[in-house]
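**Student:** Let me begin by handing over the structure; questions about it come next.
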Amino acid sequence: MTSTVLPSSPVSARPRSASAAGQVAEATRPAGAAALAVALAVRTDLWAHLVEFREESRWTHLLPTADLAPALDPSLHQELEEAQVWLLSWLPGQGTPLHDHGASSGAFAVARGTLTERVVAARSGRAPHQSTADLAAGRVRFFGPHYVHQVVNTLHEPAVSVHVYAPRLSLMNTYRIDPTGLVRIGTEKAGVDW
Ligand SMILES: [Fe+2]
């Protein structure tokens, strides 16, 4: 049997070099909506006590950003000031229609269970391209304006997810697919329809 002695790491109190300091600055730039969604999804202590499950429809809850900010690294998550954060629960079988998020960009992270996402990309003159993926806890998706998707809990366990929108979500258009592409079938407005 052989053993390997690892060299001990020298501890240095010297100031960091300019390049090292630059790397630190680089690492603390705003990290974006996806990082914010994941950072909040893992902080179950901030929201687990709020979660409800409703048989009649998906449950949604707007998380006040002022309550979240103290738990986050402000240098990484500056966009929180302009963002809107929703907590959603999904019983098996519950889901959204095919929809976009208006002019909002954002991200969502699965915090519990698994959600199935179908993404539809419309291409002029061609059949829409569709892809589907199961997103287990810890997975995240980010999106720009006009991203069209459908999210459903297709499995047997309840799911919870954290959604970040920036700018704040003001409307969602709903769609159906026909051979010519995506057809808008409705618009849900914040403050009116949810
Ligand atoms: Fe969505």
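As shown in the structure tokens, the chain order sets the letters A, B, ...; within each chain, residues go from 1, and ligands are also counted from 1 in the order they appear.
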Step by step, measure atom-to-atom distances between ligand 1 and each residue using only C-alpha atoms and all ligand atoms, keep those at most 8 Å, then write them as an NGL selection string.
**Tutor:** :A and (96 or 99-101 or 148-151)
**Student:** Could the residues in this selection be saved with N, CA and C atoms as a short mmCIF file (atom, residue, chain, number, x, y, z; two decimals), in the first residue's frame?
**Tutor:**
```
data_model
loop_
_atom_site.label_atom_id
_atom_site.label_comp_id
_atom_site.auth_asym_id
_atom_site.auth_seq_id
_atom_site.Cartn_x
_atom_site.Cartn_y
_atom_site.Cartn_z
N THR A 96 -49.43 25.12 -17.35
CA THR A 96 -49.81 26.35 -18.03
C THR A 96 -50.26 26.02 -19.46
N HIS A 99 -47.53 29.78 -23.72
CA HIS A 99 -47.59 31.22 -23.47
C HIS A 99 -46.23 31.87 -23.64
N ASP A 100 -46.24 33.20 -23.78
CA ASP A 100 -45.01 33.97 -23.68
C ASP A 100 -45.09 34.86 -22.44
N HIS A 101 -44.15 35.77 -22.29
CA HIS A 101 -44.11 36.65 -21.11
C HIS A 101 -44.08 38.11 -21.54
N VAL A 148 -41.64 31.29 -26.05
CA VAL A 148 -42.94 30.64 -25.93
C VAL A 148 -42.74 29.23 -25.37
N HIS A 149 -43.40 28.97 -24.26
CA HIS A 149 -43.27 27.64 -23.66
C HIS A 149 -44.54 27.24 -22.91
N GLN A 150 -44.56 25.97 -22.56
CA GLN A 150 -45.63 25.42 -21.74
C GLN A 150 -44.96 24.61 -20.64
N VAL A 151 -45.42 24.76 -19.42
CA VAL A 151 -44.83 24.06 -18.29
C VAL A 151 -45.93 23.26 -17.60
#
```
**Student:** Considering only helix (DSSP H, G or I) as DSSP defines it on the backbone, what residues of range 6-193 of chain A qualify? List them as JSON, numbers by chain.
**Tutor:** {"A": [18, 19, 20, 21, 22, 23, 24, 25, 26, 27, 32, 33, 34, 35, 36, 37, 38, 39, 40, 41, 44, 45, 46, 47, 48, 49, 50, 65, 66, 67, 68, 69, 70, 71, 78, 79, 80, 81]}
**Student:** Any chance you can output those residues with C-alpha atoms as an mmCIF file, in the first residue's frame?
**Tutor:**
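File written: out32.cif
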```cif
data_model
loop_
_atom_site.group_PDB
_atom_site.id
_atom_site.type_symbol
_atom_site.label_atom_id
_atom_site.label_comp_id
_atom_site.auth_asym_id
_atom_site.auth_seq_id
_atom_site.Cartn_x
_atom_site.Cartn_y
_atom_site.Cartn_z
ATOM 1 C CA ALA A 18 -3.701 43.374 -9.720
ATOM 2 C CA SER A 19 -4.744 40.463 -11.930
ATOM 3 C CA ALA A 20 -6.186 38.560 -8.980
ATOM 4 C CA ALA A 21 -8.107 41.625 -7.877
ATOM 5 C CA GLY A 22 -9.401 41.956 -11.428
ATOM 6 C CA GLN A 23 -10.622 38.365 -11.341
ATOM 7 C CA VAL A 24 -12.517 39.061 -8.139
ATOM 8 C CA ALA A 25 -14.207 42.058 -9.722
ATOM 9 C CA GLU A 26 -15.046 39.942 -12.755
ATOM 10 C CA ALA A 27 -16.629 37.264 -10.590
ATOM 11 C CA GLY A 32 -28.452 37.425 -14.279
ATOM 12 C CA ALA A 33 -31.969 36.139 -13.810
ATOM 13 C CA ALA A 34 -31.039 32.453 -13.958
ATOM 14 C CA ALA A 35 -28.545 32.805 -11.122
ATOM 15 C CA LEU A 36 -31.088 34.773 -9.131
ATOM 16 C CA ALA A 37 -33.758 32.102 -9.645
ATOM 17 C CA VAL A 38 -31.376 29.351 -8.504
ATOM 18 C CA ALA A 39 -30.123 31.383 -5.555
ATOM 19 C CA LEU A 40 -33.703 31.795 -4.374
ATOM 20 C CA ALA A 41 -34.754 28.225 -5.162
ATOM 21 C CA THR A 44 -36.108 27.189 1.079
ATOM 22 C CA ASP A 45 -35.995 28.915 4.456
ATOM 23 C CA LEU A 46 -37.207 32.088 2.735
ATOM 24 C CA TRP A 47 -40.333 30.627 1.197
ATOM 25 C CA ALA A 48 -41.112 26.996 2.137
ATOM 26 C CA HIS A 49 -43.539 28.074 4.871
ATOM 27 C CA LEU A 50 -45.550 30.044 2.286
ATOM 28 C CA THR A 65 -38.157 41.549 -3.272
ATOM 29 C CA ALA A 66 -37.416 43.652 -0.196
ATOM 30 C CA ASP A 67 -37.787 40.491 1.897
ATOM 31 C CA LEU A 68 -35.408 38.575 -0.347
ATOM 32 C CA ALA A 69 -32.640 41.107 -0.760
ATOM 33 C CA PRO A 70 -31.014 40.617 2.695
ATOM 34 C CA ALA A 71 -30.480 36.924 1.891
ATOM 35 C CA GLN A 78 -28.499 43.801 -8.567
ATOM 36 C CA GLU A 79 -31.337 43.054 -10.995
ATOM 37 C CA LEU A 80 -33.510 42.119 -8.045
ATOM 38 C CA GLU A 81 -34.447 45.789 -7.715
#
```
**Student:** Tell me, counting only C-alpha atoms, for each residue of range 75-119 of chain A within 9 Å of range 159-165 of chain A, which pair of atoms is nearest and how far apart they are in Å to one decimal, in rows ordered by chain and increasing number, as CSV.
**Tutor:**
```
residue,atom,partner,partner_atom,distance
A:Leu80,CA,A:Val164,CA,8.7
A:Glu82,CA,A:Tyr165,CA,8.7
A:Ala83,CA,A:Tyr165,CA,5.5
A:Gln84,CA,A:Tyr165,CA,5.2
A:Val85,CA,A:Val164,CA,4.6
A:Trp86,CA,A:His163,CA,5.0
A:Leu87,CA,A:Val162,CA,4.8
A:Leu88,CA,A:Ser161,CA,5.3
A:Ser89,CA,A:Val160,CA,4.4
A:Trp90,CA,A:Ala159,CA,5.0
A:Leu91,CA,A:Ala159,CA,6.4
A:Pro92,CA,A:Ala159,CA,7.9
A:His101,CA,A:Tyr165,CA,8.5
A:Ser104,CA,A:Tyr165,CA,6.0
A:Ser105,CA,A:Tyr165,CA,5.7
A:Gly106,CA,A:Tyr165,CA,4.3
A:Ala107,CA,A:Val164,CA,5.3
A:Phe108,CA,A:His163,CA,4.2
A:Ala109,CA,A:Val162,CA,5.3
A:Val110,CA,A:Ser161,CA,4.4
A:Ala111,CA,A:Ser161,CA,5.1
A:Arg112,CA,A:Val160,CA,4.9
A:Gly113,CA,A:Ala159,CA,4.2
A:Thr114,CA,A:Ala159,CA,6.0
A:Leu115,CA,A:Ala159,CA,7.0
```
**Student:** Write to file, as a PDB file, in the first residue's frame, the residues of the selection just made, with C-alpha atoms.
**Tutor:**
```
ATOM      1  CA  LEU A  80     -33.510  42.119  -8.045  1.00  0.00           C
ATOM      2  CA  GLU A  82     -36.230  45.720 -11.053  1.00  0.00           C
ATOM      3  CA  ALA A  83     -37.376  42.131 -10.987  1.00  0.00           C
ATOM      4  CA  GLN A  84     -40.542  40.389  -9.964  1.00  0.00           C
ATOM      5  CA  VAL A  85     -40.263  37.053  -8.187  1.00  0.00           C
ATOM      6  CA  TRP A  86     -43.068  34.509  -8.153  1.00  0.00           C
ATOM      7  CA  LEU A  87     -43.321  31.279  -6.228  1.00  0.00           C
ATOM      8  CA  LEU A  88     -45.475  28.645  -7.934  1.00  0.00           C
ATOM      9  CA  SER A  89     -46.718  25.224  -6.870  1.00  0.00           C
ATOM     10  CA  TRP A  90     -47.853  22.466  -9.203  1.00  0.00           C
ATOM     11  CA  LEU A  91     -49.811  19.381  -8.269  1.00  0.00           C
ATOM     12  CA  PRO A  92     -49.523  16.427 -10.661  1.00  0.00           C
ATOM     13  CA  HIS A 101     -44.107  36.648 -21.112  1.00  0.00           C
ATOM     14  CA  SER A 104     -40.222  40.418 -20.009  1.00  0.00           C
ATOM     15  CA  SER A 105     -37.080  38.335 -19.848  1.00  0.00           C
ATOM     16  CA  GLY A 106     -36.406  36.053 -16.960  1.00  0.00           C
ATOM     17  CA  ALA A 107     -35.774  32.590 -15.650  1.00  0.00           C
ATOM     18  CA  PHE A 108     -37.335  29.879 -13.582  1.00  0.00           C
ATOM     19  CA  ALA A 109     -35.735  27.278 -11.361  1.00  0.00           C
ATOM     20  CA  VAL A 110     -37.319  24.066 -10.147  1.00  0.00           C
ATOM     21  CA  ALA A 111     -37.029  23.900  -6.373  1.00  0.00           C
ATOM     22  CA  ARG A 112     -38.943  20.675  -5.699  1.00  0.00           C
ATOM     23  CA  GLY A 113     -40.247  17.868  -7.877  1.00  0.00           C
ATOM     24  CA  THR A 114     -39.939  17.838 -11.643  1.00  0.00           C
ATOM     25  CA  LEU A 115     -41.565  20.016 -14.302  1.00  0.00           C
TER      26      LEU A 115
END
```
**Student:** Quick one, how far is CA of Ala166 in chain A from CA of His146 in chain A?
**Tutor:** 12.9 Å
**Student:** Which one of A:Ala190, A:Leu135, A:Pro158, A:Pro145 sits closest to Trp59 in chain A if you count only C-alpha atoms?
**Tutor:**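 Looking at the shortest contact to Trp59 in chain A, the residue is A:Pro158.
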**Student:** Quick one: which range 103-159 of chain A residues come within 10 Å of range 173-181 of chain A, and what is the nearest atom pair for each with the distance in Å to one decimal, counting only C-alpha atoms, rows ordered by chain and ascending number, as CSV?
**Tutor:**
```
residue,atom,partner,partner_atom,distance
A:Val120,CA,A:Ile177,CA,8.9
A:Ala121,CA,A:Gly181,CA,8.9
A:Ala122,CA,A:Gly181,CA,5.9
A:Arg123,CA,A:Gly181,CA,7.3
A:Ser124,CA,A:Gly181,CA,7.5
A:Gly125,CA,A:Thr180,CA,6.9
A:Arg126,CA,A:Thr180,CA,7.0
A:Ala127,CA,A:Gly181,CA,5.9
A:Pro128,CA,A:Gly181,CA,5.5
A:His129,CA,A:Gly181,CA,9.2
A:His146,CA,A:Asn173,CA,9.0
A:Val148,CA,A:Tyr175,CA,8.4
A:His149,CA,A:Tyr175,CA,9.3
A:Gln150,CA,A:Thr174,CA,9.6
```
**Student:** Output the selection as a short mmCIF file (atom, residue, chain, number, x, y, z; two decimals), in the first residue's frame - N, CA and C atoms for each residue.
**Tutor:**
```cif
data_model
loop_
_atom_site.label_atom_id
_atom_site.label_comp_id
_atom_site.auth_asym_id
_atom_site.auth_seq_id
_atom_site.Cartn_x
_atom_site.Cartn_y
_atom_site.Cartn_z
N VAL A 120 -41.54 26.15 -27.86
CA VAL A 120 -41.93 26.22 -29.27
C VAL A 120 -41.28 27.43 -29.91
N ALA A 121 -40.51 27.20 -30.94
CA ALA A 121 -39.87 28.28 -31.68
C ALA A 121 -40.56 28.40 -33.04
N ALA A 122 -41.14 29.57 -33.29
CA ALA A 122 -41.83 29.78 -34.56
C ALA A 122 -40.84 30.20 -35.63
N ARG A 123 -40.94 29.65 -36.80
CA ARG A 123 -40.08 30.00 -37.92
C ARG A 123 -40.97 30.35 -39.08
N SER A 124 -40.76 31.51 -39.65
CA SER A 124 -41.65 31.96 -40.72
C SER A 124 -41.62 30.99 -41.89
N GLY A 125 -42.80 30.59 -42.33
CA GLY A 125 -42.92 29.71 -43.48
C GLY A 125 -42.61 28.26 -43.21
N ARG A 126 -42.28 27.94 -41.96
CA ARG A 126 -41.95 26.56 -41.64
C ARG A 126 -42.73 26.13 -40.40
N ALA A 127 -42.88 24.83 -40.26
CA ALA A 127 -43.56 24.33 -39.07
C ALA A 127 -42.77 24.71 -37.83
N PRO A 128 -43.46 25.07 -36.75
CA PRO A 128 -42.75 25.44 -35.53
C PRO A 128 -41.87 24.29 -35.04
N HIS A 129 -40.74 24.66 -34.47
CA HIS A 129 -39.85 23.66 -33.88
C HIS A 129 -40.20 23.51 -32.40
N HIS A 146 -40.59 37.12 -25.61
CA HIS A 146 -41.29 36.37 -26.65
C HIS A 146 -40.92 34.89 -26.69
N VAL A 148 -41.64 31.29 -26.05
CA VAL A 148 -42.94 30.64 -25.93
C VAL A 148 -42.74 29.23 -25.37
N HIS A 149 -43.40 28.97 -24.26
CA HIS A 149 -43.27 27.64 -23.66
C HIS A 149 -44.54 27.24 -22.91
N GLN A 150 -44.56 25.97 -22.56
CA GLN A 150 -45.63 25.42 -21.74
C GLN A 150 -44.96 24.61 -20.64
#
```
**Student:** Using DSSP assignments from the backbone, pull out every residue in range 27-150 of chain A that falls under strand (DSSP E) and give it to me as a count of residues only.
**Tutor:** 47
**Student:** If we count only C-alpha atoms and set the cut-off at 9 Å, which residues sit around Gly93 in chain A, ignoring sequence neighbours fewer than 4 positions away in its own chain? Please answer as a list in words.
**Tutor:**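 Close residues of Gly93 in chain A: Val152, Asn153, Thr154, Leu155 and His156 of chain A.
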**Student:** How would the residues just picked look written out with C-alpha atoms as an mmCIF file, in the first residue's frame?
**Tutor:**
```cif
data_model
loop_
_atom_site.group_PDB
_atom_site.id
_atom_site.type_symbol
_atom_site.label_atom_id
_atom_site.label_comp_id
_atom_site.auth_asym_id
_atom_site.auth_seq_id
_atom_site.Cartn_x
_atom_site.Cartn_y
_atom_site.Cartn_z
ATOM 1 C CA VAL A 152 -46.647 21.071 -16.795
ATOM 2 C CA ASN A 153 -46.150 18.772 -13.843
ATOM 3 C CA THR A 154 -46.418 15.475 -15.717
ATOM 4 C CA LEU A 155 -45.119 13.311 -12.877
ATOM 5 C CA HIS A 156 -46.657 12.098 -9.640
#
```
**Student:** Quick one, how far is CA of Asp73 in chain A from CA of Glu52 in chain A?
**Tutor:** 27.7 Å
**Student:** Using Å and a single decimal, report how far CA of Ser170 in chain A sits from CA of Thr132 in chain A.
**Tutor:** 26.0 Å
